[in-house]
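Just below is one structure, and these are the notes that go with it.
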Protein chains: 2
Amino acid sequence: MKIATWNVNSIRSRQAIVLDWLAANPVDVLCLQETKVVDLDFPREPFEAIGYQLAISGQKSYNGVAILSRHPMTEISAGFGAVLGEETDLDEQKRVITAVIGGVRVVNLYVPNGSAIASEKYDYKLRWFALLKTYLAQLQGSAVPDLCVCGDFNVAPDDRDIYKPDGKDKHIMASPPEREALASVLSLGFTDIFRQFTPDGGHYSWWDYRRGGFANNRGWRIDHIYLTAGLCDRAQACTIDIEPRRREKPSDHTPVIVDLRN
Amino acid sequence: MKIATWNVNSIRSRQAIVLDWLAANPVDVLCLQETKVVDLDFPREPFEAIGYQLAISGQKSYNGVAILSRHPMTEISAGFGAVLGEETDLDEQKRVITAVIGGVRVVNLYVPNGSAIASEKYDYKLRWFALLKTYLAQLQGSAVPDLCVCGDFNVAPDDRDIYKPDGKDKHIMASPPEREALASVLSLGFTDIFRQFTPDGGHYSWWDYRRGGFANNRGWRIDHIYLTAGLCDRAQACTIDIEPRRREKPSDHTPVIVDLRN
DNA sequence: GAAGAAGTGG
DNA sequence: CCACTTCTTC
């Protein structure tokens with residue numbers, strides 16, 4: 001089973017690129033972030049026409065997540081609250097959706113960017129990571145404890161994940177507190193599956209639109225796929241496909257794909 | 001000598017379509033309207049690269065006219081004031097440019113739309129037509145009196161020029177006062193050269209983007225080429241090329257072309 | 001640098 | 001419906 005994650009930076013603007021990619025890469029599951037559209041306006045039909053079912057949770061302008069699956073999805077839920085059974089202001093932004101697909105619980109996340117260190121949004125990001133840990137712990141104790149947690153984490157886990165790490169510890173996506181917040185979540189028992197196959201640096205999933213970030217390969221690896229122990233042994237490969245980033249009017253992110261043995 | 005007129009609705013958005021059209025239709029002169037760009041930002045280079053010289057007069061966001069010519073241009077001037085020798089508020093919007101090319105004085109116009117009857121903009125349109133008459137009379141008395149006056153006139157001269165004329169006399173672009181204002185200008189001695197070759201209705205140069213105007217051929221003929229008597233005999237053909245209107249992301253207007261015998 | 005919003009214009 | 005503006009976000 002192939003599972004991919006892709007921050008598309010507006011599904012309406014990226015529809016053709018995503019459809020082309022799925023035609024060439026018919027993954028079983030595609031997790032999208034930054035769909036930027038309310039559920040009623042999500043372009044469902046073209047994806048259903050090529051064989052995908054959809055679980056979506058979006059809002060106007062910002063955020064928004066979706067799971068596209070070739071196989072039946074059960075236990076679909078959006079937001080932390082649906083699992084934790086409590087309301088939280090962290091669910092006002094649509095950043096979390098999950099579904100069970102082929103015995104695997106897929107969790108699709110769009111972690112807050114955080115804007116700048118010492119901003120209100122940075123605090124929000126740290127609070128969000130804290131609740132994410134509680135949320136994932138709850139799911140690990142569920143009847144389907146094999147988790148594939150993927151999405152745009154807006155954190156480069158270590159210096160191999162940044163084109164030029166010097167001084168980036170004061171930069172959003174690389175500052176110690178957010179790295180520690182992510183590490184704390186992963187300490188529940190998650191493996192960065194890309195790193196199981198590729199220990200060297202220089203592999204990125206996001207390049208800033210500005211100043212020729214992609215042309216000069218000034219990228220960051222901030223889109224991740226994390227697996228619980230029961231799934232790690234099944235992973236046969238984890239790759240980043242930079243092809244869609246080369247297209248006209250691309251997303252600033254590109255897909256990450258994991259292949260799980262049946 | 002072939003002279004064409006085309007309201008491109010932003011030259012920056014339409015650059016590729018215009019270049020493709022010129023590759024297939026290497027007219028001697030192309031008059032553009034609604035370039036929507038200040039002169040410093042006009043994309044000169046791609047047009048110069050295929051052999052055109054440029055005379056441009058543009059502004060931010062709205063209006064803007066340009067003449068592209070394969071032959072030398074002399075007596076280039078923009079606005080009514082440059083010819084009439086007096087300042088006028090009607091020159092604040094960039095709607096007039098002229099140049100002498102191969103012994104013909106080409107006048108390129110973007111007539112105000114007028115918004116709605118009884119609006120302030122409608123009065124502006126009528127005032128503009130009045131000054132246009134003075135302007136053209138002046139040019140007729142100049143050393144180069146053979147005029148080719150073309151552009152987006154935002155007036156359908158008669159009912160043949162509207163897909164469904166019923167009730168359109170209360171519609172902008174067809175109301176009697178603006179038709180009379182145009183007729184008064186033409187009474188100086190101008191011939192609607194398209195009508196010399198094509199007397200029947202159903203030939204349009206503009207289709208509203210809305211409600212499938214083009215798909216249903218609900219069009220208007222509002223882009224015109226008017227010739228003084230000395231040039232009429234030289235006209236061999238006048239056609240509307242609807243091909244560019246079929247393209248992806250087209251202008252709502254399409255080119256009108258006149259072919260003048262040497 | 002690119003996206004969506006809300007507004008104006010045609 | 002499409003393109004422009006300014007604004008905000010990432």
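In the structure tokens, each chain is lettered A, B, ... as it comes, each chain's residues begin at 1, and ligands are numbered from 1 in order of appearance.
Neighbours of Lys170 (chain B) closer than or equal to 12 Å, with only C-alpha atoms (C1' of nucleotides) counted and sequence neighbours fewer than 6 positions away skipped, come out as Ala116, Ile117, Ala118, Pro176, Pro177, Glu178 and Arg179 of chain B.
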Using only C-alpha atoms (C1' of nucleotides), find which residues of chain B lie within 9 Å of chain C and jot them down as a PyMOL selection string. chain B and resi 62+113+115
Please extract the residues of region 36-158 of chain B with a backbone DSSP assignment of helix (DSSP H, G or I) and present them as a short mmCIF file (atom, residue, chain, number, x, y, z; two decimals) with all heavy atoms, in the first residue's frame.
data_model
loop_
_atom_site.label_atom_id
_atom_site.label_comp_id
_atom_site.auth_asym_id
_atom_site.auth_seq_id
_atom_site.Cartn_x
_atom_site.Cartn_y
_atom_site.Cartn_z
N ASP B 39 3.83 52.24 -18.71
CA ASP B 39 4.76 52.07 -19.82
C ASP B 39 6.03 51.31 -19.42
O ASP B 39 6.54 50.48 -20.18
CB ASP B 39 5.12 53.43 -20.41
CG ASP B 39 3.91 54.11 -21.04
OD1 ASP B 39 2.84 53.46 -21.13
OD2 ASP B 39 4.02 55.27 -21.46
N LEU B 40 6.53 51.57 -18.21
CA LEU B 40 7.78 50.93 -17.79
C LEU B 40 7.63 49.42 -17.63
O LEU B 40 8.60 48.68 -17.74
CB LEU B 40 8.28 51.54 -16.47
CG LEU B 40 9.09 52.83 -16.62
CD1 LEU B 40 9.36 53.46 -15.27
CD2 LEU B 40 10.41 52.54 -17.36
N ASP B 41 6.40 48.97 -17.35
CA ASP B 41 6.18 47.54 -17.14
C ASP B 41 5.63 46.83 -18.37
O ASP B 41 5.38 45.62 -18.33
CB ASP B 41 5.21 47.32 -15.96
CG ASP B 41 5.82 47.71 -14.63
OD1 ASP B 41 7.07 47.76 -14.55
OD2 ASP B 41 5.07 47.98 -13.68
N ARG B 44 7.83 44.87 -23.56
CA ARG B 44 8.26 45.29 -24.90
C ARG B 44 9.06 44.19 -25.60
O ARG B 44 8.90 43.95 -26.80
CB ARG B 44 9.18 46.52 -24.81
CG ARG B 44 8.63 47.73 -24.10
CD ARG B 44 9.62 48.89 -24.19
NE ARG B 44 9.66 49.45 -25.52
CZ ARG B 44 9.03 50.59 -25.87
NH1 ARG B 44 8.37 51.29 -24.97
NH2 ARG B 44 9.10 51.02 -27.11
N GLU B 45 9.96 43.58 -24.85
CA GLU B 45 11.01 42.75 -25.46
C GLU B 45 10.47 41.63 -26.35
O GLU B 45 10.93 41.48 -27.50
CB GLU B 45 11.91 42.21 -24.34
CG GLU B 45 13.23 41.65 -24.83
CD GLU B 45 13.09 40.21 -25.26
OE1 GLU B 45 12.37 39.44 -24.57
OE2 GLU B 45 13.68 39.84 -26.30
N PRO B 46 9.48 40.83 -25.90
CA PRO B 46 9.02 39.74 -26.76
C PRO B 46 8.43 40.21 -28.08
O PRO B 46 8.52 39.50 -29.10
CB PRO B 46 7.98 39.02 -25.91
CG PRO B 46 7.73 39.88 -24.72
CD PRO B 46 8.89 40.78 -24.56
N PHE B 47 7.86 41.40 -28.09
CA PHE B 47 7.29 41.92 -29.34
C PHE B 47 8.38 42.50 -30.23
O PHE B 47 8.36 42.33 -31.45
CB PHE B 47 6.18 42.93 -29.03
CG PHE B 47 5.03 42.32 -28.30
CD1 PHE B 47 4.90 42.45 -26.92
CD2 PHE B 47 4.10 41.53 -28.98
CE1 PHE B 47 3.86 41.84 -26.23
CE2 PHE B 47 3.05 40.92 -28.31
CZ PHE B 47 2.93 41.08 -26.93
N GLU B 48 9.34 43.15 -29.62
CA GLU B 48 10.48 43.66 -30.40
C GLU B 48 11.26 42.49 -31.00
O GLU B 48 11.75 42.58 -32.13
CB GLU B 48 11.37 44.53 -29.50
CG GLU B 48 10.71 45.86 -29.14
CD GLU B 48 11.40 46.63 -28.04
OE1 GLU B 48 12.25 46.05 -27.33
OE2 GLU B 48 11.08 47.82 -27.87
N ALA B 49 11.34 41.41 -30.27
CA ALA B 49 12.10 40.24 -30.74
C ALA B 49 11.50 39.64 -32.01
O ALA B 49 12.21 39.00 -32.78
CB ALA B 49 12.16 39.18 -29.64
N GLY B 81 -4.77 65.95 -26.13
CA GLY B 81 -4.09 67.22 -25.91
C GLY B 81 -2.87 67.42 -26.80
O GLY B 81 -2.59 68.54 -27.24
N ALA B 82 -2.16 66.34 -27.07
CA ALA B 82 -0.94 66.45 -27.88
C ALA B 82 -1.24 66.99 -29.26
O ALA B 82 -0.41 67.67 -29.87
CB ALA B 82 -0.26 65.08 -27.98
N VAL B 83 -2.42 66.69 -29.77
CA VAL B 83 -2.81 67.15 -31.11
C VAL B 83 -3.54 68.50 -31.03
O VAL B 83 -3.32 69.40 -31.84
CB VAL B 83 -3.68 66.09 -31.81
CG1 VAL B 83 -4.41 66.67 -33.03
CG2 VAL B 83 -2.83 64.89 -32.20
N LEU B 84 -4.41 68.61 -30.03
CA LEU B 84 -5.25 69.80 -29.93
C LEU B 84 -4.54 70.97 -29.25
O LEU B 84 -5.04 72.11 -29.30
CB LEU B 84 -6.55 69.46 -29.18
CG LEU B 84 -7.43 68.42 -29.89
CD1 LEU B 84 -8.64 68.05 -29.04
CD2 LEU B 84 -7.90 68.95 -31.26
N ASP B 89 -9.27 67.01 -19.06
CA ASP B 89 -9.39 65.92 -18.09
C ASP B 89 -9.63 64.59 -18.80
O ASP B 89 -9.44 63.53 -18.23
CB ASP B 89 -10.53 66.22 -17.10
CG ASP B 89 -11.89 66.25 -17.78
OD1 ASP B 89 -12.03 66.95 -18.80
OD2 ASP B 89 -12.80 65.55 -17.30
N LEU B 90 -10.06 64.64 -20.06
CA LEU B 90 -10.32 63.41 -20.81
C LEU B 90 -9.03 62.68 -21.18
O LEU B 90 -9.08 61.54 -21.65
CB LEU B 90 -11.13 63.74 -22.07
CG LEU B 90 -12.53 64.30 -21.79
CD1 LEU B 90 -13.17 64.82 -23.07
CD2 LEU B 90 -13.43 63.24 -21.16
N ASP B 91 -7.90 63.33 -20.95
CA ASP B 91 -6.62 62.67 -21.21
C ASP B 91 -6.05 62.00 -19.96
O ASP B 91 -4.99 61.37 -20.04
CB ASP B 91 -5.59 63.68 -21.74
CG ASP B 91 -5.68 63.85 -23.26
OD1 ASP B 91 -6.24 62.94 -23.93
OD2 ASP B 91 -5.20 64.88 -23.77
N GLU B 120 -22.54 58.76 -14.25
CA GLU B 120 -21.51 59.76 -14.51
C GLU B 120 -20.58 59.30 -15.64
O GLU B 120 -20.14 60.08 -16.47
CB GLU B 120 -20.72 59.99 -13.23
CG GLU B 120 -20.26 61.41 -13.02
CD GLU B 120 -19.70 61.60 -11.61
OE1 GLU B 120 -18.53 61.24 -11.42
OE2 GLU B 120 -20.43 62.09 -10.71
N LYS B 121 -20.32 57.99 -15.65
CA LYS B 121 -19.41 57.45 -16.67
C LYS B 121 -20.02 57.53 -18.06
O LYS B 121 -19.30 57.64 -19.06
CB LYS B 121 -19.05 56.00 -16.31
CG LYS B 121 -18.15 55.92 -15.08
CD LYS B 121 -17.69 54.51 -14.81
CE LYS B 121 -16.68 54.49 -13.67
NZ LYS B 121 -17.11 53.67 -12.54
N TYR B 122 -21.33 57.46 -18.11
CA TYR B 122 -22.02 57.58 -19.41
C TYR B 122 -21.83 59.00 -19.96
O TYR B 122 -21.53 59.17 -21.15
CB TYR B 122 -23.50 57.27 -19.21
CG TYR B 122 -24.32 57.19 -20.49
CD1 TYR B 122 -24.26 56.08 -21.31
CD2 TYR B 122 -25.16 58.25 -20.86
CE1 TYR B 122 -25.01 56.00 -22.47
CE2 TYR B 122 -25.93 58.18 -22.02
CZ TYR B 122 -25.84 57.05 -22.82
OH TYR B 122 -26.60 56.98 -23.97
N ASP B 123 -21.99 59.99 -19.10
CA ASP B 123 -21.76 61.37 -19.52
C ASP B 123 -20.32 61.56 -19.99
O ASP B 123 -20.05 62.25 -20.98
CB ASP B 123 -22.04 62.34 -18.37
CG ASP B 123 -23.52 62.35 -17.99
OD1 ASP B 123 -24.34 61.97 -18.85
OD2 ASP B 123 -23.83 62.70 -16.85
N TYR B 124 -19.41 60.94 -19.28
CA TYR B 124 -17.99 61.00 -19.65
C TYR B 124 -17.79 60.44 -21.06
O TYR B 124 -17.08 61.03 -21.88
CB TYR B 124 -17.19 60.21 -18.62
CG TYR B 124 -15.69 60.29 -18.75
CD1 TYR B 124 -14.95 61.24 -18.05
CD2 TYR B 124 -15.00 59.38 -19.55
CE1 TYR B 124 -13.57 61.29 -18.15
CE2 TYR B 124 -13.62 59.43 -19.66
CZ TYR B 124 -12.91 60.39 -18.95
OH TYR B 124 -11.54 60.43 -19.06
N LYS B 125 -18.46 59.33 -21.34
CA LYS B 125 -18.36 58.71 -22.67
C LYS B 125 -18.83 59.67 -23.76
O LYS B 125 -18.17 59.82 -24.80
CB LYS B 125 -19.20 57.43 -22.68
CG LYS B 125 -19.14 56.60 -23.97
CD LYS B 125 -19.97 55.32 -23.82
CE LYS B 125 -19.71 54.31 -24.93
NZ LYS B 125 -20.38 53.01 -24.66
N LEU B 126 -19.96 60.34 -23.51
CA LEU B 126 -20.50 61.26 -24.52
C LEU B 126 -19.58 62.48 -24.71
O LEU B 126 -19.34 62.92 -25.84
CB LEU B 126 -21.91 61.71 -24.13
CG LEU B 126 -22.97 60.60 -24.09
CD1 LEU B 126 -24.33 61.17 -23.70
CD2 LEU B 126 -23.06 59.86 -25.43
N ARG B 127 -19.04 62.98 -23.61
CA ARG B 127 -18.09 64.09 -23.69
C ARG B 127 -16.84 63.66 -24.46
O ARG B 127 -16.26 64.43 -25.23
CB ARG B 127 -17.65 64.53 -22.28
CG ARG B 127 -18.63 65.42 -21.56
CD ARG B 127 -17.90 66.33 -20.56
NE ARG B 127 -17.23 65.59 -19.51
CZ ARG B 127 -15.97 65.81 -19.14
NH1 ARG B 127 -15.23 66.73 -19.73
NH2 ARG B 127 -15.45 65.10 -18.15
N TRP B 128 -16.44 62.44 -24.22
CA TRP B 128 -15.24 61.90 -24.87
C TRP B 128 -15.43 61.83 -26.38
O TRP B 128 -14.56 62.22 -27.16
CB TRP B 128 -14.94 60.53 -24.25
CG TRP B 128 -13.54 60.03 -24.47
CD1 TRP B 128 -12.48 60.18 -23.65
CD2 TRP B 128 -13.07 59.27 -25.59
NE1 TRP B 128 -11.37 59.56 -24.17
CE2 TRP B 128 -11.71 59.00 -25.37
CE3 TRP B 128 -13.67 58.80 -26.76
CZ2 TRP B 128 -10.93 58.28 -26.27
CZ3 TRP B 128 -12.89 58.08 -27.66
CH2 TRP B 128 -11.53 57.83 -27.41
N PHE B 129 -16.60 61.33 -26.79
CA PHE B 129 -16.91 61.26 -28.22
C PHE B 129 -16.89 62.66 -28.85
O PHE B 129 -16.43 62.84 -29.98
CB PHE B 129 -18.28 60.61 -28.46
CG PHE B 129 -18.22 59.13 -28.73
CD1 PHE B 129 -18.95 58.24 -27.96
CD2 PHE B 129 -17.45 58.63 -29.77
CE1 PHE B 129 -18.91 56.87 -28.21
CE2 PHE B 129 -17.41 57.26 -30.04
CZ PHE B 129 -18.14 56.38 -29.25
N ALA B 130 -17.42 63.64 -28.11
CA ALA B 130 -17.46 65.01 -28.64
C ALA B 130 -16.04 65.53 -28.91
O ALA B 130 -15.76 66.11 -29.95
CB ALA B 130 -18.20 65.93 -27.67
N LEU B 131 -15.14 65.28 -27.95
CA LEU B 131 -13.77 65.74 -28.16
C LEU B 131 -13.05 64.91 -29.22
O LEU B 131 -12.21 65.43 -29.97
CB LEU B 131 -12.97 65.72 -26.84
CG LEU B 131 -11.65 66.46 -26.88
CD1 LEU B 131 -11.85 67.96 -27.19
CD2 LEU B 131 -10.86 66.32 -25.58
N LEU B 132 -13.42 63.64 -29.32
CA LEU B 132 -12.84 62.80 -30.38
C LEU B 132 -13.11 63.40 -31.75
O LEU B 132 -12.23 63.39 -32.62
CB LEU B 132 -13.41 61.37 -30.29
CG LEU B 132 -12.98 60.41 -31.40
CD1 LEU B 132 -11.47 60.18 -31.40
CD2 LEU B 132 -13.72 59.08 -31.29
N LYS B 133 -14.31 63.92 -31.93
CA LYS B 133 -14.66 64.51 -33.23
C LYS B 133 -13.74 65.69 -33.55
O LYS B 133 -13.21 65.79 -34.68
CB LYS B 133 -16.13 64.96 -33.23
CG LYS B 133 -16.62 65.41 -34.60
CD LYS B 133 -18.12 65.68 -34.61
CE LYS B 133 -18.59 66.08 -36.01
NZ LYS B 133 -20.05 66.32 -36.05
N THR B 134 -13.54 66.54 -32.59
CA THR B 134 -12.64 67.68 -32.79
C THR B 134 -11.22 67.20 -33.12
O THR B 134 -10.55 67.73 -34.02
CB THR B 134 -12.60 68.55 -31.50
OG1 THR B 134 -13.94 68.87 -31.13
CG2 THR B 134 -11.79 69.80 -31.71
N TYR B 135 -10.80 66.19 -32.38
CA TYR B 135 -9.45 65.62 -32.54
C TYR B 135 -9.27 65.06 -33.95
O TYR B 135 -8.28 65.36 -34.65
CB TYR B 135 -9.28 64.54 -31.48
CG TYR B 135 -8.05 63.68 -31.57
CD1 TYR B 135 -6.83 64.09 -31.04
CD2 TYR B 135 -8.11 62.40 -32.14
CE1 TYR B 135 -5.71 63.27 -31.08
CE2 TYR B 135 -7.01 61.57 -32.18
CZ TYR B 135 -5.81 62.01 -31.65
OH TYR B 135 -4.71 61.19 -31.69
N LEU B 136 -10.24 64.29 -34.42
CA LEU B 136 -10.11 63.67 -35.74
C LEU B 136 -10.22 64.71 -36.85
O LEU B 136 -9.53 64.60 -37.88
CB LEU B 136 -11.16 62.56 -35.92
CG LEU B 136 -10.97 61.34 -35.00
CD1 LEU B 136 -12.11 60.33 -35.23
CD2 LEU B 136 -9.62 60.66 -35.23
N ALA B 137 -11.07 65.71 -36.65
CA ALA B 137 -11.18 66.79 -37.64
C ALA B 137 -9.82 67.47 -37.81
O ALA B 137 -9.39 67.79 -38.93
CB ALA B 137 -12.25 67.79 -37.20
N GLN B 138 -9.16 67.68 -36.69
CA GLN B 138 -7.84 68.30 -36.72
C GLN B 138 -6.86 67.45 -37.53
O GLN B 138 -6.11 67.95 -38.37
CB GLN B 138 -7.33 68.46 -35.28
CG GLN B 138 -5.95 69.03 -35.14
CD GLN B 138 -5.95 70.55 -35.11
OE1 GLN B 138 -7.00 71.17 -35.01
NE2 GLN B 138 -4.78 71.13 -35.23
N LEU B 139 -6.88 66.14 -37.30
CA LEU B 139 -5.95 65.24 -38.02
C LEU B 139 -6.29 65.17 -39.50
O LEU B 139 -5.40 65.04 -40.35
CB LEU B 139 -5.98 63.85 -37.39
CG LEU B 139 -5.39 63.76 -35.98
CD1 LEU B 139 -5.55 62.34 -35.42
CD2 LEU B 139 -3.92 64.19 -35.95
N GLN B 140 -7.58 65.27 -39.81
CA GLN B 140 -7.98 65.26 -41.23
C GLN B 140 -7.42 66.46 -41.99
O GLN B 140 -7.21 66.39 -43.19
CB GLN B 140 -9.51 65.24 -41.35
CG GLN B 140 -10.12 63.88 -41.08
CD GLN B 140 -11.62 63.90 -41.25
OE1 GLN B 140 -12.31 64.73 -40.64
NE2 GLN B 140 -12.14 62.99 -42.05
#
Find the spatial neighbours of region 218-235 of chain B, counting only C-alpha atoms (C1' of nucleotides), within a cut-off of 7 Å - ignore same-chain residues fewer than 3 positions away - and output them as an NGL selection string. :B and (146-156 or 161-163 or 189-193 or 203-207 or 213-214 or 258-261)
Let me see the file: selected residues, N, CA and C atoms, as a PDB file, in the first residue's frame.
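Everything below was put into part_31.pdb:
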ATOM      1  N   ASP B 146      -4.886  60.784 -44.494  1.00  0.00           N
ATOM      2  CA  ASP B 146      -5.468  59.441 -44.659  1.00  0.00           C
ATOM      3  C   ASP B 146      -5.445  58.736 -43.312  1.00  0.00           C
ATOM      4  N   LEU B 147      -6.646  58.598 -42.716  1.00  0.00           N
ATOM      5  CA  LEU B 147      -6.732  58.077 -41.355  1.00  0.00           C
ATOM      6  C   LEU B 147      -7.303  56.664 -41.321  1.00  0.00           C
ATOM      7  N   CYS B 148      -6.664  55.844 -40.513  1.00  0.00           N
ATOM      8  CA  CYS B 148      -7.232  54.544 -40.138  1.00  0.00           C
ATOM      9  C   CYS B 148      -7.482  54.617 -38.639  1.00  0.00           C
ATOM     10  N   VAL B 149      -8.756  54.791 -38.266  1.00  0.00           N
ATOM     11  CA  VAL B 149      -9.137  54.982 -36.865  1.00  0.00           C
ATOM     12  C   VAL B 149      -9.719  53.678 -36.356  1.00  0.00           C
ATOM     13  N   CYS B 150      -9.019  53.048 -35.463  1.00  0.00           N
ATOM     14  CA  CYS B 150      -9.499  51.742 -35.017  1.00  0.00           C
ATOM     15  C   CYS B 150      -9.433  51.627 -33.510  1.00  0.00           C
ATOM     16  N   GLY B 151     -10.117  50.605 -33.015  1.00  0.00           N
ATOM     17  CA  GLY B 151     -10.102  50.375 -31.578  1.00  0.00           C
ATOM     18  C   GLY B 151     -11.385  49.774 -31.058  1.00  0.00           C
ATOM     19  N   ASP B 152     -11.478  49.779 -29.722  1.00  0.00           N
ATOM     20  CA  ASP B 152     -12.684  49.324 -29.043  1.00  0.00           C
ATOM     21  C   ASP B 152     -13.543  50.554 -28.824  1.00  0.00           C
ATOM     22  N   PHE B 153     -14.654  50.641 -29.568  1.00  0.00           N
ATOM     23  CA  PHE B 153     -15.523  51.822 -29.498  1.00  0.00           C
ATOM     24  C   PHE B 153     -16.623  51.674 -28.451  1.00  0.00           C
ATOM     25  N   ASN B 154     -16.793  50.500 -27.914  1.00  0.00           N
ATOM     26  CA  ASN B 154     -17.838  50.255 -26.913  1.00  0.00           C
ATOM     27  C   ASN B 154     -19.204  50.734 -27.375  1.00  0.00           C
ATOM     28  N   VAL B 155     -19.415  50.673 -28.692  1.00  0.00           N
ATOM     29  CA  VAL B 155     -20.723  50.978 -29.284  1.00  0.00           C
ATOM     30  C   VAL B 155     -20.966  49.995 -30.425  1.00  0.00           C
ATOM     31  N   ALA B 156     -22.148  49.376 -30.420  1.00  0.00           N
ATOM     32  CA  ALA B 156     -22.593  48.567 -31.550  1.00  0.00           C
ATOM     33  C   ALA B 156     -23.368  49.509 -32.469  1.00  0.00           C
ATOM     34  N   ASP B 161     -25.419  44.455 -35.228  1.00  0.00           N
ATOM     35  CA  ASP B 161     -24.172  44.243 -34.493  1.00  0.00           C
ATOM     36  C   ASP B 161     -24.387  43.663 -33.098  1.00  0.00           C
ATOM     37  N   ILE B 162     -25.617  43.228 -32.806  1.00  0.00           N
ATOM     38  CA  ILE B 162     -25.958  42.656 -31.501  1.00  0.00           C
ATOM     39  C   ILE B 162     -26.694  41.344 -31.726  1.00  0.00           C
ATOM     40  N   TYR B 163     -26.354  40.340 -30.918  1.00  0.00           N
ATOM     41  CA  TYR B 163     -26.955  39.010 -31.117  1.00  0.00           C
ATOM     42  C   TYR B 163     -28.466  39.045 -30.975  1.00  0.00           C
ATOM     43  N   GLY B 189     -16.531  61.852 -42.285  1.00  0.00           N
ATOM     44  CA  GLY B 189     -16.120  61.208 -43.529  1.00  0.00           C
ATOM     45  C   GLY B 189     -15.418  59.887 -43.314  1.00  0.00           C
ATOM     46  N   PHE B 190     -15.954  59.095 -42.391  1.00  0.00           N
ATOM     47  CA  PHE B 190     -15.352  57.787 -42.115  1.00  0.00           C
ATOM     48  C   PHE B 190     -16.270  56.662 -42.571  1.00  0.00           C
ATOM     49  N   THR B 191     -15.666  55.597 -43.029  1.00  0.00           N
ATOM     50  CA  THR B 191     -16.401  54.420 -43.468  1.00  0.00           C
ATOM     51  C   THR B 191     -16.079  53.236 -42.555  1.00  0.00           C
ATOM     52  N   ASP B 192     -17.132  52.564 -42.077  1.00  0.00           N
ATOM     53  CA  ASP B 192     -17.005  51.314 -41.321  1.00  0.00           C
ATOM     54  C   ASP B 192     -16.600  50.244 -42.323  1.00  0.00           C
ATOM     55  N   ILE B 193     -15.310  49.987 -42.404  1.00  0.00           N
ATOM     56  CA  ILE B 193     -14.802  49.187 -43.522  1.00  0.00           C
ATOM     57  C   ILE B 193     -15.235  47.725 -43.435  1.00  0.00           C
ATOM     58  N   HIS B 203     -22.034  39.020 -36.883  1.00  0.00           N
ATOM     59  CA  HIS B 203     -20.568  39.053 -36.820  1.00  0.00           C
ATOM     60  C   HIS B 203     -20.164  39.917 -35.639  1.00  0.00           C
ATOM     61  N   TYR B 204     -19.471  39.305 -34.698  1.00  0.00           N
ATOM     62  CA  TYR B 204     -19.189  39.982 -33.427  1.00  0.00           C
ATOM     63  C   TYR B 204     -17.685  39.996 -33.139  1.00  0.00           C
ATOM     64  N   SER B 205     -17.310  40.969 -32.289  1.00  0.00           N
ATOM     65  CA  SER B 205     -15.899  41.070 -31.892  1.00  0.00           C
ATOM     66  C   SER B 205     -15.730  40.954 -30.378  1.00  0.00           C
ATOM     67  N   TRP B 206     -16.853  40.928 -29.641  1.00  0.00           N
ATOM     68  CA  TRP B 206     -16.804  40.837 -28.176  1.00  0.00           C
ATOM     69  C   TRP B 206     -17.937  39.971 -27.659  1.00  0.00           C
ATOM     70  N   TRP B 207     -17.591  39.109 -26.725  1.00  0.00           N
ATOM     71  CA  TRP B 207     -18.573  38.251 -26.058  1.00  0.00           C
ATOM     72  C   TRP B 207     -18.294  38.329 -24.563  1.00  0.00           C
ATOM     73  N   GLY B 213     -21.313  33.553 -22.801  1.00  0.00           N
ATOM     74  CA  GLY B 213     -21.572  34.455 -23.918  1.00  0.00           C
ATOM     75  C   GLY B 213     -20.986  33.954 -25.227  1.00  0.00           C
ATOM     76  N   PHE B 214     -19.762  33.471 -25.186  1.00  0.00           N
ATOM     77  CA  PHE B 214     -19.123  33.011 -26.429  1.00  0.00           C
ATOM     78  C   PHE B 214     -19.682  31.670 -26.875  1.00  0.00           C
ATOM     79  N   VAL B 258      -7.905  44.721 -41.179  1.00  0.00           N
ATOM     80  CA  VAL B 258      -8.145  45.276 -42.519  1.00  0.00           C
ATOM     81  C   VAL B 258      -6.880  45.101 -43.349  1.00  0.00           C
ATOM     82  N   ASP B 259      -7.091  44.793 -44.638  1.00  0.00           N
ATOM     83  CA  ASP B 259      -5.965  44.629 -45.557  1.00  0.00           C
ATOM     84  C   ASP B 259      -6.012  45.760 -46.578  1.00  0.00           C
ATOM     85  N   LEU B 260      -4.990  46.623 -46.573  1.00  0.00           N
ATOM     86  CA  LEU B 260      -4.938  47.776 -47.482  1.00  0.00           C
ATOM     87  C   LEU B 260      -3.957  47.511 -48.618  1.00  0.00           C
ATOM     88  N   ARG B 261      -4.440  47.641 -49.821  1.00  0.00           N
ATOM     89  CA  ARG B 261      -3.597  47.523 -51.022  1.00  0.00           C
ATOM     90  C   ARG B 261      -2.509  48.609 -50.979  1.00  0.00           C
TER      91      ARG B 261
END
Enumerate as number ranges by chain all residues of region 37-262 of chain B assigned to strand (DSSP E) by DSSP on the backbone, naming them with the chain letters and numbers the document uses. B: 53-57, 65-69, 74-78, 96-101, 104-110, 147-152, 190-192, 206-207, 219-220, 223-228, 235-240, 256-260
Neighbours of chain A in chain D at 12 Å, counting only C-alpha atoms (C1' of nucleotides), as number ranges by chain: D: 8-10
Excluding Phe194 (chain B) and residues on its chain fewer than 2 positions from it, collect all residues at most 7 Å away from it, counting only C-alpha atoms (C1' of nucleotides), and give them as a PyMOL selection string. chain B and resi 192+196-198+238-239
For a test of reading the model, state the distance in Å between CA of Gln15 (chain A) and CA of Lys249 (chain B), rounded to one decimal.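 Rounded to one decimal, the two atoms are 16.6 Å apart.
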Just how far from CA of Arg247 (chain A) is CA of Thr35 (chain B), in Å to one decimal? 27.6 Å
